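Data block for start09.csv (CSV, C-alpha atoms):
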```csv
chain,number,residue,atom,x,y,z
R,1,MET,CA,0.0,0.0,0.0
R,2,ALA,CA,3.0,2.3,0.3
R,3,ALA,CA,3.4,5.0,-2.3
R,4,CYS,CA,6.9,3.8,-3.0
R,5,ALA,CA,5.9,0.2,-3.8
R,6,SER,CA,5.4,-1.6,-7.1
R,7,PHE,CA,4.1,-5.1,-7.9
R,8,VAL,CA,5.4,-7.6,-10.3
R,9,LYS,CA,3.5,-10.4,-12.0
R,10,LEU,CA,5.5,-13.6,-12.0
R,11,ASN,CA,5.3,-16.3,-14.6
R,12,ALA,CA,6.7,-19.8,-15.0
R,13,SER,CA,9.7,-18.9,-17.1
R,14,SER,CA,10.8,-16.2,-14.7
R,15,SER,CA,10.5,-18.2,-11.6
R,16,ASN,CA,13.2,-20.8,-12.1
R,17,TRP,CA,15.6,-19.1,-9.7
R,18,ILE,CA,13.1,-18.6,-6.9
R,19,GLY,CA,12.1,-20.8,-4.0
R,20,GLN,CA,15.5,-22.6,-4.1
R,21,GLN,CA,17.2,-21.7,-0.9
R,22,SER,CA,16.2,-20.9,2.7
R,23,PHE,CA,17.8,-17.9,4.4
R,24,ALA,CA,18.2,-20.1,7.5
R,25,GLN,CA,20.1,-22.8,5.7
R,26,PRO,CA,23.9,-22.7,4.8
R,27,ARG,CA,24.5,-22.9,1.1
R,28,GLY,CA,25.8,-26.2,-0.1
R,29,SER,CA,24.3,-28.2,2.7
R,30,SER,CA,22.8,-31.7,1.9
R,31,SER,CA,19.4,-30.6,3.2
R,32,SER,CA,19.5,-27.6,1.0
R,33,ARG,CA,20.3,-29.7,-2.1
R,34,LEU,CA,17.5,-32.1,-1.2
R,35,THR,CA,15.1,-29.1,-0.8
R,36,ARG,CA,16.0,-27.6,-4.1
R,37,ASN,CA,15.3,-30.9,-5.9
R,38,ARG,CA,12.1,-31.3,-4.1
R,39,VAL,CA,10.6,-27.9,-4.7
R,40,ALA,CA,11.6,-27.8,-8.4
R,41,LEU,CA,8.6,-30.1,-9.3
R,42,PRO,CA,5.6,-28.6,-11.0
R,43,ILE,CA,3.0,-27.4,-8.5
R,44,ARG,CA,-0.7,-26.7,-9.0
R,45,ALA,CA,-3.3,-25.4,-6.5
R,46,GLY,CA,-6.7,-27.0,-6.7
R,47,ALA,CA,-9.8,-26.0,-8.5
R,48,TYR,CA,-9.1,-22.3,-8.7
R,49,THR,CA,-5.8,-22.5,-10.6
R,50,ASP,CA,-7.0,-21.3,-14.0
R,51,GLU,CA,-9.1,-18.5,-12.4
R,52,LEU,CA,-6.2,-17.4,-10.3
R,53,VAL,CA,-3.9,-17.1,-13.3
R,54,LYS,CA,-6.6,-15.3,-15.3
R,55,THR,CA,-7.1,-12.8,-12.4
R,56,ALA,CA,-3.4,-12.2,-12.0
R,57,LYS,CA,-3.1,-11.5,-15.7
R,58,THR,CA,-6.0,-9.1,-15.6
R,59,ILE,CA,-4.5,-7.1,-12.8
R,60,ALA,CA,-1.1,-7.1,-14.6
R,61,SER,CA,-2.6,-5.8,-17.8
R,62,PRO,CA,-0.4,-3.2,-19.7
R,63,GLY,CA,-0.8,0.4,-18.6
R,64,ARG,CA,-2.8,-0.3,-15.5
R,65,GLY,CA,-2.1,-0.8,-11.8
R,66,ILE,CA,-3.6,-1.0,-8.4
R,67,LEU,CA,-5.4,1.7,-6.4
R,68,ALA,CA,-4.9,0.8,-2.7
R,69,ILE,CA,-7.7,2.2,-0.5
R,70,ASP,CA,-7.3,-0.5,2.2
R,71,GLU,CA,-6.5,1.9,5.0
R,72,SER,CA,-7.9,0.8,8.4
R,73,ASN,CA,-10.6,3.0,9.9
R,74,ALA,CA,-8.0,4.6,12.1
R,75,THR,CA,-5.7,5.5,9.3
R,76,CYS,CA,-8.5,6.7,7.1
R,77,GLY,CA,-9.5,8.9,10.0
R,78,LYS,CA,-6.0,10.5,9.8
R,79,ARG,CA,-6.5,11.2,6.1
R,80,LEU,CA,-9.9,12.7,6.8
R,81,ALA,CA,-8.6,14.8,9.7
R,82,SER,CA,-6.1,16.4,7.3
R,83,ILE,CA,-9.0,18.1,5.5
R,84,GLY,CA,-11.0,18.8,8.7
R,85,LEU,CA,-13.5,15.9,8.6
R,86,ASP,CA,-14.5,13.7,11.5
R,87,ASN,CA,-13.7,9.9,11.3
R,88,THR,CA,-17.3,8.6,10.8
R,89,GLU,CA,-18.6,5.8,8.6
R,90,VAL,CA,-20.6,8.4,6.6
R,91,ASN,CA,-17.4,10.4,5.8
R,92,ARG,CA,-15.4,7.3,5.0
R,93,GLN,CA,-18.1,6.0,2.7
R,94,ALA,CA,-18.4,9.4,0.9
R,95,TYR,CA,-14.6,9.5,0.3
R,96,ARG,CA,-14.5,5.9,-1.0
R,97,GLN,CA,-17.5,6.6,-3.2
R,98,LEU,CA,-15.7,9.5,-4.7
R,99,LEU,CA,-12.8,7.3,-5.6
R,100,LEU,CA,-14.6,4.1,-6.7
R,101,THR,CA,-17.2,5.9,-8.9
R,102,THR,CA,-14.7,8.0,-10.9
R,103,PRO,CA,-15.7,7.7,-14.6
R,104,GLY,CA,-13.1,6.1,-16.8
R,105,LEU,CA,-10.9,4.9,-13.8
R,106,GLY,CA,-10.7,1.4,-15.3
R,107,GLU,CA,-8.6,2.7,-18.2
R,108,TYR,CA,-5.7,3.2,-15.8
R,109,ILE,CA,-6.6,1.0,-12.8
R,110,SER,CA,-6.9,-2.8,-13.0
R,111,GLY,CA,-7.5,-3.6,-9.3
R,112,SER,CA,-8.4,-1.9,-6.1
R,113,ILE,CA,-7.6,-3.1,-2.6
R,114,LEU,CA,-10.4,-2.5,-0.2
R,115,PHE,CA,-10.7,-2.5,3.6
R,116,GLU,CA,-13.4,-5.0,4.9
R,117,GLU,CA,-15.8,-2.2,5.7
R,118,THR,CA,-15.6,-0.9,2.1
R,119,LEU,CA,-16.0,-4.4,0.5
R,120,TYR,CA,-19.5,-4.5,2.0
R,121,GLN,CA,-20.5,-0.8,1.4
R,122,SER,CA,-22.6,0.7,-1.3
R,123,THR,CA,-23.1,4.1,-2.9
R,124,THR,CA,-25.7,6.4,-1.6
R,125,ASP,CA,-27.8,5.2,-4.5
R,126,GLY,CA,-27.5,1.6,-3.3
R,127,LYS,CA,-25.0,0.2,-5.8
R,128,LYS,CA,-22.4,-2.0,-4.3
R,129,PHE,CA,-18.9,-0.7,-4.5
R,130,VAL,CA,-17.8,-4.1,-5.8
R,131,ASP,CA,-20.2,-3.7,-8.7
R,132,CYS,CA,-18.9,-0.1,-9.4
R,133,LEU,CA,-15.4,-1.6,-9.8
R,134,LYS,CA,-16.6,-4.5,-12.0
R,135,ASP,CA,-18.4,-2.1,-14.3
R,136,GLU,CA,-15.0,-0.4,-14.9
R,137,ASN,CA,-13.2,-3.8,-15.4
R,138,ILE,CA,-11.4,-3.3,-12.1
R,139,VAL,CA,-10.8,-6.4,-10.0
R,140,PRO,CA,-11.9,-5.9,-6.3
R,141,GLY,CA,-9.3,-6.9,-3.7
R,142,ILE,CA,-9.4,-7.2,0.1
R,143,LYS,CA,-6.9,-6.6,2.9
R,144,VAL,CA,-7.0,-9.8,5.0
R,145,ASP,CA,-4.3,-9.4,7.7
R,146,LYS,CA,-5.0,-8.3,11.2
R,147,GLY,CA,-2.1,-6.0,11.7
R,148,LEU,CA,1.4,-6.1,13.2
R,149,VAL,CA,2.2,-7.1,16.8
R,150,PRO,CA,5.4,-7.5,18.7
R,151,LEU,CA,7.3,-10.7,17.9
R,152,PRO,CA,8.4,-12.5,21.2
R,153,GLY,CA,12.0,-13.5,21.2
R,154,SER,CA,13.0,-11.0,18.6
R,155,ASN,CA,15.0,-7.8,18.6
R,156,ASN,CA,12.0,-5.5,19.1
R,157,GLU,CA,10.6,-6.7,15.8
R,158,SER,CA,7.1,-7.5,14.7
R,159,TRP,CA,5.0,-10.2,13.0
R,160,CYS,CA,1.7,-10.0,11.1
R,161,GLN,CA,-1.3,-11.7,12.7
R,162,GLY,CA,-4.4,-13.0,10.9
R,163,LEU,CA,-4.0,-16.6,9.9
R,164,ASP,CA,-6.6,-17.8,12.5
R,165,GLY,CA,-9.9,-17.9,10.7
R,166,LEU,CA,-8.4,-16.7,7.4
R,167,ALA,CA,-9.8,-19.6,5.3
R,168,SER,CA,-13.4,-18.9,6.3
R,169,ARG,CA,-13.0,-15.1,6.0
R,170,SER,CA,-11.4,-15.6,2.5
R,171,ALA,CA,-14.4,-17.7,1.4
R,172,GLU,CA,-16.8,-15.0,2.5
R,173,TYR,CA,-14.7,-12.3,0.7
R,174,TYR,CA,-14.8,-14.4,-2.5
R,175,LYS,CA,-18.6,-14.6,-2.2
R,176,GLN,CA,-18.8,-10.8,-1.8
R,177,GLY,CA,-16.9,-10.4,-5.0
R,178,ALA,CA,-13.2,-10.1,-4.0
R,179,ARG,CA,-10.8,-11.8,-6.3
R,180,PHE,CA,-7.4,-10.9,-4.8
R,181,ALA,CA,-6.0,-10.3,-1.3
R,182,LYS,CA,-3.3,-8.4,0.5
R,183,TRP,CA,-1.3,-9.3,3.5
R,184,ARG,CA,1.3,-6.8,4.7
R,185,THR,CA,4.3,-7.9,6.8
R,186,VAL,CA,7.4,-5.9,7.5
R,187,VAL,CA,11.1,-6.4,8.1
R,188,SER,CA,13.1,-3.8,10.0
R,189,ILE,CA,16.8,-3.3,9.1
R,190,PRO,CA,17.8,-1.2,12.2
R,191,CYS,CA,16.4,-4.1,14.3
R,192,GLY,CA,18.6,-6.7,12.6
R,193,PRO,CA,16.8,-8.2,10.9
R,194,SER,CA,16.9,-11.3,13.0
R,195,ALA,CA,16.6,-14.8,11.4
R,196,LEU,CA,13.5,-15.3,13.5
R,197,ALA,CA,11.8,-12.2,12.2
R,198,VAL,CA,12.7,-13.0,8.6
R,199,LYS,CA,11.4,-16.6,8.9
R,200,GLU,CA,8.2,-15.5,10.6
R,201,ALA,CA,7.5,-13.0,7.9
R,202,ALA,CA,8.3,-15.5,5.1
R,203,TRP,CA,6.3,-18.3,6.6
R,204,GLY,CA,3.3,-16.1,7.4
R,205,LEU,CA,3.2,-14.8,3.8
R,206,ALA,CA,3.5,-18.3,2.4
R,207,ARG,CA,0.6,-19.7,4.6
R,208,TYR,CA,-1.6,-16.7,3.8
R,209,ALA,CA,-0.8,-17.1,0.0
R,210,ALA,CA,-1.7,-20.8,0.1
R,211,ILE,CA,-4.9,-20.2,2.0
R,212,SER,CA,-5.9,-17.3,-0.3
R,213,GLN,CA,-5.4,-19.4,-3.4
R,214,ASP,CA,-7.3,-22.3,-1.9
R,215,ASN,CA,-10.3,-19.9,-1.7
R,216,GLY,CA,-10.0,-18.3,-5.1
R,217,LEU,CA,-8.1,-15.2,-4.2
R,218,VAL,CA,-4.9,-14.1,-5.9
R,219,PRO,CA,-2.5,-13.2,-3.1
R,220,ILE,CA,-0.4,-10.1,-3.1
R,221,VAL,CA,2.9,-11.2,-1.5
R,222,GLU,CA,4.3,-8.2,0.3
R,223,PRO,CA,7.5,-8.7,2.2
R,224,GLU,CA,8.0,-5.0,2.9
R,225,ILE,CA,11.6,-3.9,3.9
R,226,LEU,CA,11.0,-0.7,5.9
R,227,LEU,CA,13.0,2.3,4.7
R,228,ASP,CA,13.5,3.6,8.2
R,229,GLY,CA,17.2,3.8,9.4
R,230,ASP,CA,20.5,5.4,8.5
R,231,HIS,CA,21.9,2.4,6.7
R,232,PRO,CA,23.2,2.7,3.1
R,233,ILE,CA,21.1,1.6,0.2
R,234,GLU,CA,23.3,-1.3,-0.4
R,235,ARG,CA,22.3,-2.7,2.9
R,236,THR,CA,18.6,-2.4,2.0
R,237,LEU,CA,19.2,-4.3,-1.2
R,238,GLU,CA,21.2,-7.0,0.6
R,239,VAL,CA,18.4,-7.6,3.1
R,240,ALA,CA,15.7,-7.4,0.4
R,241,GLU,CA,17.3,-10.2,-1.6
R,242,LYS,CA,17.7,-12.4,1.5
R,243,VAL,CA,14.0,-11.8,2.5
R,244,TRP,CA,12.7,-12.4,-1.0
R,245,SER,CA,14.7,-15.7,-1.2
R,246,GLU,CA,13.2,-16.8,2.1
R,247,VAL,CA,9.7,-15.9,1.1
R,248,PHE,CA,9.9,-17.9,-2.2
R,249,PHE,CA,11.4,-20.8,-0.4
R,250,TYR,CA,8.4,-21.1,1.8
R,251,LEU,CA,5.9,-20.3,-1.0
R,252,ALA,CA,7.3,-23.3,-2.8
R,253,GLN,CA,7.0,-25.5,0.3
R,254,ASN,CA,3.4,-24.5,0.6
R,255,ASN,CA,2.6,-25.4,-3.0
R,256,VAL,CA,1.7,-21.9,-4.0
R,257,VAL,CA,1.2,-21.3,-7.7
R,258,PHE,CA,3.7,-18.6,-8.7
R,259,GLU,CA,1.7,-17.7,-11.8
R,260,GLY,CA,-1.2,-16.9,-9.6
R,261,ILE,CA,0.5,-14.4,-7.2
R,262,LEU,CA,1.5,-10.7,-7.3
R,263,LEU,CA,4.8,-9.8,-5.7
R,264,LYS,CA,4.8,-6.3,-4.0
R,265,PRO,CA,8.2,-5.4,-2.8
R,266,SER,CA,9.0,-1.9,-1.6
R,267,MET,CA,11.4,0.0,-3.8
R,268,VAL,CA,15.1,0.0,-2.9
R,269,THR,CA,15.5,3.5,-4.3
R,270,PRO,CA,14.0,6.6,-2.7
R,271,ALA,CA,12.2,9.6,-4.3
R,272,GLU,CA,9.1,10.1,-6.3
R,273,ALA,CA,7.1,6.9,-7.0
R,274,THR,CA,6.0,7.6,-10.6
R,275,LEU,CA,9.5,8.6,-11.8
R,276,ASN,CA,10.9,5.4,-10.3
R,277,LEU,CA,8.3,3.2,-12.0
R,278,ASN,CA,8.9,4.9,-15.3
R,279,ALA,CA,12.7,4.3,-14.9
R,280,MET,CA,12.2,0.6,-14.3
R,281,ASN,CA,10.1,0.3,-17.5
R,282,GLN,CA,12.6,1.9,-19.8
R,283,SER,CA,13.9,-1.5,-20.9
R,284,PRO,CA,12.3,-5.0,-21.0
R,285,ASN,CA,11.8,-6.7,-17.7
R,286,PRO,CA,11.6,-10.4,-17.0
R,287,TRP,CA,8.3,-9.6,-15.1
R,288,HIS,CA,5.4,-7.2,-15.6
R,289,VAL,CA,6.3,-4.3,-13.3
R,290,SER,CA,3.4,-2.0,-12.3
R,291,PHE,CA,2.2,0.1,-9.4
R,292,SER,CA,0.2,-0.4,-6.3
R,293,TYR,CA,-0.2,3.0,-4.8
R,294,ALA,CA,-2.3,4.6,-2.0
R,295,ARG,CA,-1.0,8.1,-1.0
R,296,ALA,CA,0.7,8.6,-4.4
R,297,LEU,CA,-2.7,8.5,-6.0
R,298,GLN,CA,-4.9,9.9,-3.2
R,299,ASN,CA,-3.0,12.9,-1.8
R,300,SER,CA,-4.0,15.4,-4.4
R,301,VAL,CA,-7.6,14.0,-4.5
R,302,LEU,CA,-8.1,14.7,-0.7
R,303,LYS,CA,-6.7,18.2,-1.0
R,304,THR,CA,-9.0,18.9,-4.0
R,305,TRP,CA,-12.1,17.4,-2.4
R,306,GLN,CA,-12.0,19.0,1.1
R,307,GLY,CA,-15.1,17.1,2.0
R,308,ARG,CA,-17.3,19.3,-0.2
R,309,PRO,CA,-19.9,17.8,-2.6
R,310,GLU,CA,-19.3,20.6,-5.1
R,311,ASN,CA,-15.6,19.5,-5.4
R,312,VAL,CA,-16.3,15.8,-6.2
R,313,THR,CA,-15.9,16.1,-10.0
R,314,ALA,CA,-12.7,18.1,-9.6
R,315,ALA,CA,-11.3,15.6,-7.1
R,316,GLN,CA,-12.1,12.7,-9.5
R,317,THR,CA,-10.4,14.5,-12.3
R,318,SER,CA,-7.3,14.8,-10.0
R,319,LEU,CA,-7.4,11.1,-9.4
R,320,LEU,CA,-7.6,10.4,-13.2
R,321,ILE,CA,-4.6,12.7,-13.7
R,322,ARG,CA,-2.5,10.8,-11.2
R,323,ALA,CA,-3.7,7.4,-12.4
R,324,LYS,CA,-2.9,8.3,-16.0
R,325,ALA,CA,0.6,9.5,-15.0
R,326,ASN,CA,1.3,6.1,-13.4
R,327,SER,CA,-0.2,4.3,-16.4
R,328,LEU,CA,2.2,6.0,-18.6
R,329,ALA,CA,5.0,5.1,-16.2
R,330,GLN,CA,4.1,1.5,-16.4
R,331,LEU,CA,4.5,1.7,-20.1
R,332,GLY,CA,7.8,3.6,-19.8
R,333,ARG,CA,6.3,6.8,-21.4
R,334,TYR,CA,5.9,9.1,-18.4
R,335,SER,CA,7.4,12.6,-18.3
R,336,ALA,CA,7.3,14.9,-15.2
R,337,GLU,CA,7.0,17.9,-17.5
R,338,GLY,CA,4.0,20.0,-16.5
R,339,GLU,CA,3.6,18.2,-13.2
R,340,SER,CA,2.8,20.3,-10.1
R,341,GLU,CA,5.4,20.5,-7.3
R,342,GLU,CA,3.0,18.6,-5.1
R,343,ALA,CA,3.0,15.7,-7.5
R,344,LYS,CA,6.8,15.5,-7.5
R,345,LYS,CA,7.1,15.1,-3.8
R,346,GLY,CA,8.3,11.8,-2.3
R,347,MET,CA,5.8,9.8,-0.1
R,348,PHE,CA,8.2,8.5,2.5
R,349,VAL,CA,7.2,9.2,6.1
R,350,LYS,CA,9.4,8.0,8.9
R,351,GLY,CA,7.7,5.4,11.1
R,352,TYR,CA,4.5,5.5,9.0
R,353,THR,CA,1.8,3.1,10.1
R,354,TYR,CA,-1.2,1.9,8.2
```
Could you render the structure from this file as structure tokens?
Amino acid sequence: MAACASFVKLNASSSNWIGQQSFAQPRGSSSSRLTRNRVALPIRAGAYTDELVKTAKTIASPGRGILAIDESNATCGKRLASIGLDNTEVNRQAYRQLLLTTPGLGEYISGSILFEETLYQSTTDGKKFVDCLKDENIVPGIKVDKGLVPLPGSNNESWCQGLDGLASRSAEYYKQGARFAKWRTVVSIPCGPSALAVKEAAWGLARYAAISQDNGLVPIVEPEILLDGDHPIERTLEVAEKVWSEVFFYLAQNNVVFEGILLKPSMVTPAEATLNLNAMNQSPNPWHVSFSYARALQNSVLKTWQGRPENVTAAQTSLLIRAKANSLAQLGRYSAEGESEEAKKGMFVKGYTY
């Protein structure tokens, strides 16, 4: 959900190198070699496999990306407070209606991650938000984790809770119209990261992904490496590679279909999200690289709307401008020329919570 995050769509040919080695295992050990031989076998995930692959391809369609509006009620309240509005369900519904009923949004947005409250909400005219998205060929998604809590035995690190009851919740979300899911876990570099925290993050993501696929939801796999700290960028890359390796090791152990997931890593480079995305798409990639943005798409919308009905059309136009800019970036055709200074600002906030 971070403004500085992208997602990549994996395919069979690009996944030969992943899921091969556990971070916790020494390279060259006999157990490691046996594991590599074991997880290299073709894997399929039940009755939903074809649908999962189709959903993932739809979300990863050229020139489109994800609008993340899965903020918790508390975080949404902070956004509303920034324009002088109280954190009430009526105000949250009004803001999300503004976003999800924007005409033409589907030209640039392929999926939208919703908070549970939003998944079950409707417009003031009684039309389900899920149906508003489907009419624009936008795939509805759902945040399924239950937040971060302290990880006992770690170096003041955290783990993501929510596996209990996830299967039944996912089945209900599917019935409501959701077709992909998000689970956010984090790894902190200043705190280590410890092997325990990395393994917990990787295993939790893998179990969530397997449960999601078993219930028809394409999982966004998001091992977020927090940008907080005074370490160099090379250290961030080093940790990211280790964490990603661990994640895919456990994804393979849990029989997750790689063609039916979306990987959402945080960017290693700082600065403005759209420019970074455009830079990554200047040459062919082994994967489809697109965006999954929250604040990078929403900031100008909130400031334009100000909670006033007469500003809804202008705010929706602002959303389309930001969505189109990132659509062009996904295609490698974006230019910051003519952009406002506000649009060029980076989104990083130290210690930001969702």
Counting all atoms listed in the file, what is within 12 Å of Gly84 in chain R, bar same-chain residues fewer than 2 positions away, as number ranges by chain? R: 77-82, 86-87, 91, 302-303, 305-308
Take CA of Ala315 in chain R and CA of Val289 in chain R and report the distance between them in Å, one decimal.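 According to the coordinates, CA of Ala315 in chain R and CA of Val289 in chain R are separated by 27.3 Å.
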For a test of reading the model, state the distance in Å between CA of Asp131 in chain R and CA of Gly177 in chain R, rounded to one decimal.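 Computing the Euclidean distance for CA of Asp131 in chain R and CA of Gly177 in chain R yields 8.3 Å.
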Using all atoms listed in the file: which of R:Thr101, R:Arg207, R:Trp287, R:Leu217 has the shortest distance to Asn255 in chain R: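 When distances to Asn255 in chain R are compared using all atoms listed in the file, the smallest one comes from R:Arg207.
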In terms of the shortest atom-to-atom distance over all atoms listed in the file, which of R:Ser335, R:Thr236, R:Gln161, R:Ser300 is closest to Leu320 in chain R?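 Ranking R:Ser335, R:Thr236, R:Gln161, R:Ser300 by distance to Leu320 in chain R, first place goes to R:Ser300.
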The residues within 8 Å of (-7.6, -10.6, 7.0), using all atoms listed in the file and the coordinates of the file, should be reported as a VMD selection string; which are they? chain R and resid 142 to 146 162 to 163 166 169 to 170 183
Produce a file of the selected residues containing C-alpha atoms, as a PDB file, in the coordinates of the input.
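selection.pdb, freshly written:
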```
ATOM      1  CA  ILE R 142      -9.400  -7.200   0.100  1.00  0.00           C
ATOM      2  CA  LYS R 143      -6.900  -6.600   2.900  1.00  0.00           C
ATOM      3  CA  VAL R 144      -7.000  -9.800   5.000  1.00  0.00           C
ATOM      4  CA  ASP R 145      -4.300  -9.400   7.700  1.00  0.00           C
ATOM      5  CA  LYS R 146      -5.000  -8.300  11.200  1.00  0.00           C
ATOM      6  CA  GLY R 162      -4.400 -13.000  10.900  1.00  0.00           C
ATOM      7  CA  LEU R 163      -4.000 -16.600   9.900  1.00  0.00           C
ATOM      8  CA  LEU R 166      -8.400 -16.700   7.400  1.00  0.00           C
ATOM      9  CA  ARG R 169     -13.000 -15.100   6.000  1.00  0.00           C
ATOM     10  CA  SER R 170     -11.400 -15.600   2.500  1.00  0.00           C
ATOM     11  CA  TRP R 183      -1.300  -9.300   3.500  1.00  0.00           C
TER      12      TRP R 183
END
```
One-decimal distance in Å that lies between CA of Gly111 in chain R and CA of Arg179 in chain R: 9.3 Å
Here is a test: counting all atoms listed in the file, which residue of R:Ala294, R:Val239, R:Gln93, R:Asp50 is nearest to Glu71 in chain R? R:Ala294
Among the residues R:Cys191, R:Tyr174, R:Leu99, R:Lys134, the one that comes closest to His231 in chain R [using only C-alpha atoms]: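 With only C-alpha atoms as the atom set, the closest residue is R:Cys191.
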Quick one: residues within 10 Å of (15.6, -9.7, 10.2) (file frame), counting only C-alpha atoms, please, as an mmCIF file with C-alpha atoms, keeping the file's coordinate frame.
```cif
data_model
loop_
_atom_site.group_PDB
_atom_site.id
_atom_site.type_symbol
_atom_site.label_atom_id
_atom_site.label_comp_id
_atom_site.auth_asym_id
_atom_site.auth_seq_id
_atom_site.Cartn_x
_atom_site.Cartn_y
_atom_site.Cartn_z
ATOM 1 C CA SER R 154 13.000 -11.000 18.600
ATOM 2 C CA ASN R 155 15.000 -7.800 18.600
ATOM 3 C CA GLU R 157 10.600 -6.700 15.800
ATOM 4 C CA SER R 158 7.100 -7.500 14.700
ATOM 5 C CA VAL R 186 7.400 -5.900 7.500
ATOM 6 C CA VAL R 187 11.100 -6.400 8.100
ATOM 7 C CA SER R 188 13.100 -3.800 10.000
ATOM 8 C CA ILE R 189 16.800 -3.300 9.100
ATOM 9 C CA PRO R 190 17.800 -1.200 12.200
ATOM 10 C CA CYS R 191 16.400 -4.100 14.300
ATOM 11 C CA GLY R 192 18.600 -6.700 12.600
ATOM 12 C CA PRO R 193 16.800 -8.200 10.900
ATOM 13 C CA SER R 194 16.900 -11.300 13.000
ATOM 14 C CA ALA R 195 16.600 -14.800 11.400
ATOM 15 C CA LEU R 196 13.500 -15.300 13.500
ATOM 16 C CA ALA R 197 11.800 -12.200 12.200
ATOM 17 C CA VAL R 198 12.700 -13.000 8.600
ATOM 18 C CA LYS R 199 11.400 -16.600 8.900
ATOM 19 C CA GLU R 200 8.200 -15.500 10.600
ATOM 20 C CA ALA R 201 7.500 -13.000 7.900
ATOM 21 C CA ILE R 225 11.600 -3.900 3.900
ATOM 22 C CA VAL R 239 18.400 -7.600 3.100
ATOM 23 C CA LYS R 242 17.700 -12.400 1.500
ATOM 24 C CA VAL R 243 14.000 -11.800 2.500
#
```
Range 119-123 of chain R environment, 10 Å, all atoms listed in the file, sequence neighbours closer than 3 positions dropped, as a list in words: Asp70, Glu89, Gln93, Ala94, Arg96, Gln97, Leu98, Leu100, Thr101, Ile113, Leu114, Phe115, Glu116, Gly126, Lys127, Lys128, Phe129, Val130, Asp131, Cys132, Pro140, Gly141, Ile142, Lys143, Tyr173, Gln176, Gly177 and Ala178 of chain R
Which residues of range 238-286 of chain R sit at most 9 Å from range 57-68 of chain R, using only C-alpha atoms? Give each one's shortest atom pair and distance in Å (one decimal place), in chain and ascending residue order, as JSON lines.
```
{"residue": "R:Glu259", "atom": "CA", "partner": "R:Lys57", "partner_atom": "CA", "distance": 8.8}
{"residue": "R:Gly260", "atom": "CA", "partner": "R:Lys57", "partner_atom": "CA", "distance": 8.4}
{"residue": "R:Leu262", "atom": "CA", "partner": "R:Ala60", "partner_atom": "CA", "distance": 8.5}
```
Ranking R:Gly147, R:Pro309, R:Leu263, R:Ile233 by minimum distance to Phe291 in chain R and counting only C-alpha atoms, which one comes first?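 So, comparing all the options, the nearest one is R:Leu263.
Take the candidates R:Tyr208, R:Trp203, R:Phe258, R:Tyr108 and check each one against Leu331 in chain R using all atoms listed in the file; the shortest distance goes to R:Tyr108.
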Mind completing range 218-227 of chain R with N, CA, C and O atoms? Output as a PDB file, in the coordinates of the input, please?
```
ATOM      1  N   VAL R 218      -6.256 -14.280  -5.514  1.00  0.00           N
ATOM      2  CA  VAL R 218      -4.900 -14.100  -5.900  1.00  0.00           C
ATOM      3  C   VAL R 218      -4.159 -13.339  -4.757  1.00  0.00           C
ATOM      4  O   VAL R 218      -4.555 -12.220  -4.428  1.00  0.00           O
ATOM      5  N   PRO R 219      -3.131 -13.906  -4.155  1.00  0.00           N
ATOM      6  CA  PRO R 219      -2.500 -13.200  -3.100  1.00  0.00           C
ATOM      7  C   PRO R 219      -1.421 -12.203  -3.531  1.00  0.00           C
ATOM      8  O   PRO R 219      -0.587 -12.526  -4.379  1.00  0.00           O
ATOM      9  N   ILE R 220      -1.495 -10.976  -3.007  1.00  0.00           N
ATOM     10  CA  ILE R 220      -0.400 -10.100  -3.100  1.00  0.00           C
ATOM     11  C   ILE R 220       0.624 -10.461  -2.039  1.00  0.00           C
ATOM     12  O   ILE R 220       0.281 -10.479  -0.864  1.00  0.00           O
ATOM     13  N   VAL R 221       1.813 -10.822  -2.440  1.00  0.00           N
ATOM     14  CA  VAL R 221       2.900 -11.200  -1.500  1.00  0.00           C
ATOM     15  C   VAL R 221       3.725  -9.995  -1.246  1.00  0.00           C
ATOM     16  O   VAL R 221       4.442  -9.543  -2.132  1.00  0.00           O
ATOM     17  N   GLU R 222       3.639  -9.463  -0.031  1.00  0.00           N
ATOM     18  CA  GLU R 222       4.300  -8.200   0.300  1.00  0.00           C
ATOM     19  C   GLU R 222       5.248  -8.283   1.441  1.00  0.00           C
ATOM     20  O   GLU R 222       4.906  -7.986   2.579  1.00  0.00           O
ATOM     21  N   PRO R 223       6.489  -8.682   1.172  1.00  0.00           N
ATOM     22  CA  PRO R 223       7.500  -8.700   2.200  1.00  0.00           C
ATOM     23  C   PRO R 223       8.167  -7.275   2.252  1.00  0.00           C
ATOM     24  O   PRO R 223       9.185  -7.052   1.617  1.00  0.00           O
ATOM     25  N   GLU R 224       7.573  -6.355   2.970  1.00  0.00           N
ATOM     26  CA  GLU R 224       8.000  -5.000   2.900  1.00  0.00           C
ATOM     27  C   GLU R 224       9.285  -4.755   3.774  1.00  0.00           C
ATOM     28  O   GLU R 224       9.280  -5.019   4.974  1.00  0.00           O
ATOM     29  N   ILE R 225      10.337  -4.267   3.151  1.00  0.00           N
ATOM     30  CA  ILE R 225      11.600  -3.900   3.900  1.00  0.00           C
ATOM     31  C   ILE R 225      11.423  -2.425   4.223  1.00  0.00           C
ATOM     32  O   ILE R 225      11.422  -1.556   3.342  1.00  0.00           O
ATOM     33  N   LEU R 226      11.262  -2.131   5.510  1.00  0.00           N
ATOM     34  CA  LEU R 226      11.000  -0.700   5.900  1.00  0.00           C
ATOM     35  C   LEU R 226      12.239   0.126   5.557  1.00  0.00           C
ATOM     36  O   LEU R 226      13.391  -0.280   5.672  1.00  0.00           O
ATOM     37  N   LEU R 227      11.953   1.347   5.106  1.00  0.00           N
ATOM     38  CA  LEU R 227      13.000   2.300   4.700  1.00  0.00           C
ATOM     39  C   LEU R 227      13.617   3.033   5.852  1.00  0.00           C
ATOM     40  O   LEU R 227      14.614   3.737   5.674  1.00  0.00           O
TER      41      LEU R 227
END
```
